[in-house]
Amino acid sequence: MTVSESTALMYELEGTVEENLNRHLTAAQEWMPHEYVPWSEGRNFADLGGEAWNPEQSRVTPIARTALEVNLLTEDNLPSYHREIERAFGRDGAWGTWVHRWTAEEGRHGIAIRDYLLVTRAVDPVELERMRMETMQAGYETGDKPLLRVCAYVSFQELATRLSHRNTGRYTQDPLAEKLLARVSTDENLHMVFYRNLVKAALEISPDAMMRAITDEVLDFAMPGAVIPSFARKAALIAKAGIYDLRIHHDDVVMPLLRYWKVFDRHGFGEVGETAREELAAFMKTLDTQAARFEERRDAMAARAAARGLPAV
């Protein structure tokens, strides 16, 4: 079947697909995976001999619950990430081997974090499942970014995710959560190193194109969890708590990678690379200023709260 024939067939079947999709959505019933978990501590429904979840059962604070939920829901969207990485890297040879290994490791993160949250009753399992469904139905897509932009993005994203997990674990003040998320962070760091090294090699082979890709991804960067319901509000709470904020993004994510790649010390860029580097330098100054202003506002709010005898977060 030729490409045009395949396209024509898809067009003809579109009405049938839509009809069956609507039928499925009408017939589908909501169900909760935790109802089928036989752990005595993790049971949450009275019908199963347990009790309904309530916030008092959680050993972590509301802010920690928010961060844990965001971290898990981000991991849950793995099918979309796999699709995008496989599209960029392919399935053949070492590239394909990496794609599937990376996917398997990332899948383990979601399994482990969810087990922890359910067994310890850290979060509302019903609300968690509804957010999972909504997040995965929203999906994630890169807009068919070219290979070099994908490599740049995942370098920053993996390091950002590592810090988000690590800082969340510390913030919970729960030794179990901290140990688990430290293990997850170690994986994320190894993933970052893989992608970071690809970018380094690409800077040697095609410096202008790679420099342009780095700049584009720094300027346009957004965490993959941005599709999570109420993400902006949750991200603001996480930033206010110091788990992941603009200062961390600037100092601990973007700058370390730029220094490793020596983007401001390299020679041999053409006009495209030099222009991209100038844009990047200007943006980093702006980002640093924004981070400083955020810290000032947060410190002022904390001071006002302290004066009133209230917690800062």
# chains A, B, ... in the order shown; residues from 1 in each chain; ligands from 1
call {"tool": "residues_around", "arguments": {"residues": "A:Thr103", "least_positions_apart": "5", "cutoff": "12 Å", "atoms": "only C-alpha atoms", "output": "compact mmCIF listing (two decimals) with N, CA, C and O atoms, in the first residue's frame"}}
result
# COMPACT_ATOMS: atom_id res chain seq x y z
N GLU A 75 6.16 10.51 35.87
CA GLU A 75 6.66 9.20 35.47
C GLU A 75 5.58 8.39 34.74
O GLU A 75 5.88 7.60 33.84
N ASP A 76 4.34 8.57 35.13
CA ASP A 76 3.24 7.79 34.55
C ASP A 76 3.08 8.00 33.05
O ASP A 76 2.56 7.14 32.35
N ASN A 77 3.50 9.15 32.55
CA ASN A 77 3.30 9.45 31.14
C ASN A 77 4.36 8.80 30.25
O ASN A 77 4.57 9.21 29.11
N LEU A 78 5.01 7.77 30.77
CA LEU A 78 6.10 7.10 30.07
C LEU A 78 5.74 6.63 28.66
O LEU A 78 6.59 6.73 27.75
N PRO A 79 4.54 6.09 28.41
CA PRO A 79 4.25 5.68 27.03
C PRO A 79 4.45 6.79 26.01
O PRO A 79 4.96 6.55 24.91
N SER A 80 4.06 8.01 26.36
CA SER A 80 4.26 9.14 25.45
C SER A 80 5.74 9.45 25.28
O SER A 80 6.21 9.74 24.17
N TYR A 81 6.48 9.41 26.38
CA TYR A 81 7.92 9.69 26.28
C TYR A 81 8.61 8.64 25.42
O TYR A 81 9.48 8.98 24.61
N HIS A 82 8.22 7.38 25.61
CA HIS A 82 8.83 6.31 24.81
C HIS A 82 8.57 6.54 23.33
O HIS A 82 9.49 6.39 22.50
N ARG A 83 7.37 6.93 23.00
CA ARG A 83 7.02 7.18 21.59
C ARG A 83 7.91 8.28 21.01
O ARG A 83 8.43 8.15 19.90
N GLU A 84 8.09 9.35 21.78
CA GLU A 84 8.87 10.48 21.27
C GLU A 84 10.35 10.14 21.16
O GLU A 84 11.00 10.51 20.18
N ILE A 85 10.89 9.44 22.15
CA ILE A 85 12.30 9.07 22.09
C ILE A 85 12.56 8.07 20.97
O ILE A 85 13.55 8.17 20.23
N GLU A 86 11.66 7.11 20.81
CA GLU A 86 11.83 6.12 19.75
C GLU A 86 11.72 6.78 18.38
O GLU A 86 12.44 6.41 17.45
N GLY A 96 18.38 1.86 19.47
CA GLY A 96 17.17 1.15 19.88
C GLY A 96 17.34 0.43 21.19
O GLY A 96 16.41 0.39 22.02
N THR A 97 18.51 -0.15 21.42
CA THR A 97 18.76 -0.82 22.70
C THR A 97 18.64 0.16 23.85
O THR A 97 18.05 -0.13 24.90
N TRP A 98 19.20 1.36 23.65
CA TRP A 98 19.10 2.39 24.71
C TRP A 98 17.65 2.79 24.96
O TRP A 98 17.23 2.92 26.11
N ARG A 108 10.11 1.38 36.06
CA ARG A 108 10.34 0.91 37.42
C ARG A 108 10.15 2.05 38.43
O ARG A 108 9.68 1.83 39.55
N HIS A 109 10.49 3.26 38.04
CA HIS A 109 10.32 4.39 38.95
C HIS A 109 8.85 4.58 39.33
O HIS A 109 8.51 4.75 40.50
N GLY A 110 8.00 4.57 38.31
CA GLY A 110 6.57 4.76 38.58
C GLY A 110 6.00 3.66 39.45
O GLY A 110 5.20 3.91 40.36
N ASP A 187 19.26 6.78 39.17
CA ASP A 187 18.95 6.39 37.80
C ASP A 187 18.85 7.60 36.89
O ASP A 187 19.40 7.62 35.77
N GLU A 188 18.15 8.63 37.36
CA GLU A 188 17.95 9.82 36.53
C GLU A 188 19.29 10.49 36.22
O GLU A 188 19.48 11.02 35.12
N HIS A 191 20.91 8.63 33.45
CA HIS A 191 20.27 8.97 32.17
C HIS A 191 20.79 10.31 31.67
O HIS A 191 21.07 10.47 30.48
call {"tool": "closest_atom_pairs", "arguments": {"of": "stretch 105-150 of chain A", "to": "stretch 228-239 of chain A", "cutoff": "8 Å", "atoms": "only C-alpha atoms", "output": "CSV"}}
result
residue,atom,partner,partner_atom,distance
A:Met131,CA,A:Pro229,CA,6.6
A:Glu134,CA,A:Pro229,CA,7.3
A:Thr135,CA,A:Ile228,CA,5.2
call {"tool": "atom_distance", "arguments": {"atom1": "atom CA of A:Ser185", "atom2": "atom CA of A:Arg166"}}
result
5.8 Å
call {"tool": "closest_residue", "arguments": {"among": "A:Tyr140, A:Tyr116, A:Trp102, A:Pro125", "to": "A:Glu158", "atoms": "only C-alpha atoms"}}
result
A:Trp102
call {"tool": "closest_residue", "arguments": {"among": "A:His100, A:His24, A:Arg212, A:Arg183", "to": "A:Gly270", "atoms": "only C-alpha atoms"}}
result
A:Arg212
call {"tool": "residues_around", "arguments": {"residues": "stretch 279-286 of chain A", "least_positions_apart": "6", "cutoff": "9 Å", "atoms": "only C-alpha atoms", "output": "list in words"}}
result
Ile214, Thr215, Asp216, Val218, Leu219, His250, Val254, Met255 and Phe264 of chain A
call {"tool": "select_by_dssp", "arguments": {"residues": "stretch 65-309 of chain A", "states": "helix (DSSP H, G or I)", "output": "VMD selection string"}}
result
chain A and resid 65 to 76 78 to 89 93 to 119 125 to 138 147 to 172 175 to 205 207 to 220 224 to 227 231 to 240 246 to 261 271 to 307
call {"tool": "closest_atom_pairs", "arguments": {"of": "stretch 30-149 of chain A", "to": "stretch 172-176 of chain A", "cutoff": "10 Å", "atoms": "only C-alpha atoms", "output": "CSV"}}
result
residue,atom,partner,partner_atom,distance
A:Arg59,CA,A:Asp174,CA,7.5
A:Val60,CA,A:Thr172,CA,5.6
A:Thr61,CA,A:Thr172,CA,7.1
A:Pro62,CA,A:Thr172,CA,9.7
A:Ile63,CA,A:Thr172,CA,8.7
A:Ala64,CA,A:Thr172,CA,5.4
A:Arg65,CA,A:Thr172,CA,8.2
A:Ala67,CA,A:Thr172,CA,9.2
A:Leu68,CA,A:Thr172,CA,8.9
A:Tyr116,CA,A:Leu176,CA,8.3
A:Thr120,CA,A:Leu176,CA,9.7
call {"tool": "write_last_selection", "arguments": {"atoms": "C-alpha atoms", "output": "JSON list (two decimals), in the first residue's frame"}}
result
[["chain", "number", "residue", "atom", "x", "y", "z"],
["A", 59, "ARG", "CA", 2.88, 10.55, 57.17],
["A", 60, "VAL", "CA", 3.86, 13.49, 54.93],
["A", 61, "THR", "CA", 2.69, 17.10, 54.72],
["A", 62, "PRO", "CA", 0.28, 18.44, 52.08],
["A", 63, "ILE", "CA", 3.16, 20.08, 50.17],
["A", 64, "ALA", "CA", 5.12, 16.82, 50.21],
["A", 65, "ARG", "CA", 2.02, 15.00, 48.93],
["A", 67, "ALA", "CA", 5.38, 16.99, 45.13],
["A", 68, "LEU", "CA", 5.10, 13.20, 45.32],
["A", 116, "TYR", "CA", 5.11, 3.51, 48.39],
["A", 120, "THR", "CA", 1.80, 4.04, 53.34]]
call {"tool": "atom_distance", "arguments": {"atom1": "atom CA of A:Val99", "atom2": "atom CA of A:Met192"}}
result
13.6 Å
call {"tool": "closest_residue", "arguments": {"among": "A:Val123, A:Ala291, A:Gly242, A:Tyr171", "to": "A:Glu56", "atoms": "only C-alpha atoms"}}
result
A:Val123
call {"tool": "residues_around", "arguments": {"residues": "A:Val199", "least_positions_apart": "6", "cutoff": "12 Å", "atoms": "only C-alpha atoms", "output": "ChimeraX atom specification"}}
result
/A:147-156,192-193,205-207,209-214,257-258,260-263
call {"tool": "closest_residue", "arguments": {"among": "A:Lys145, A:Val253, A:Ala27, A:Thr161", "to": "A:Phe89", "atoms": "only C-alpha atoms"}}
result
A:Lys145
call {"tool": "closest_residue", "arguments": {"among": "A:Asp208, A:Asp92, A:Asp252, A:Glu127", "to": "A:Gly268", "atoms": "only C-alpha atoms"}}
result
A:Asp208
call {"tool": "residues_around", "arguments": {"residues": "A:Ile113", "least_positions_apart": "4", "cutoff": "10 Å", "atoms": "only C-alpha atoms", "output": "JSON, numbers by chain"}}
result
{"A": [68, 69, 71, 72, 73, 75, 108, 109, 117, 118, 177, 180, 181, 184]}
call {"tool": "atom_distance", "arguments": {"atom1": "atom CA of A:Tyr244", "atom2": "atom CA of A:Ser164"}}
result
5.9 Å
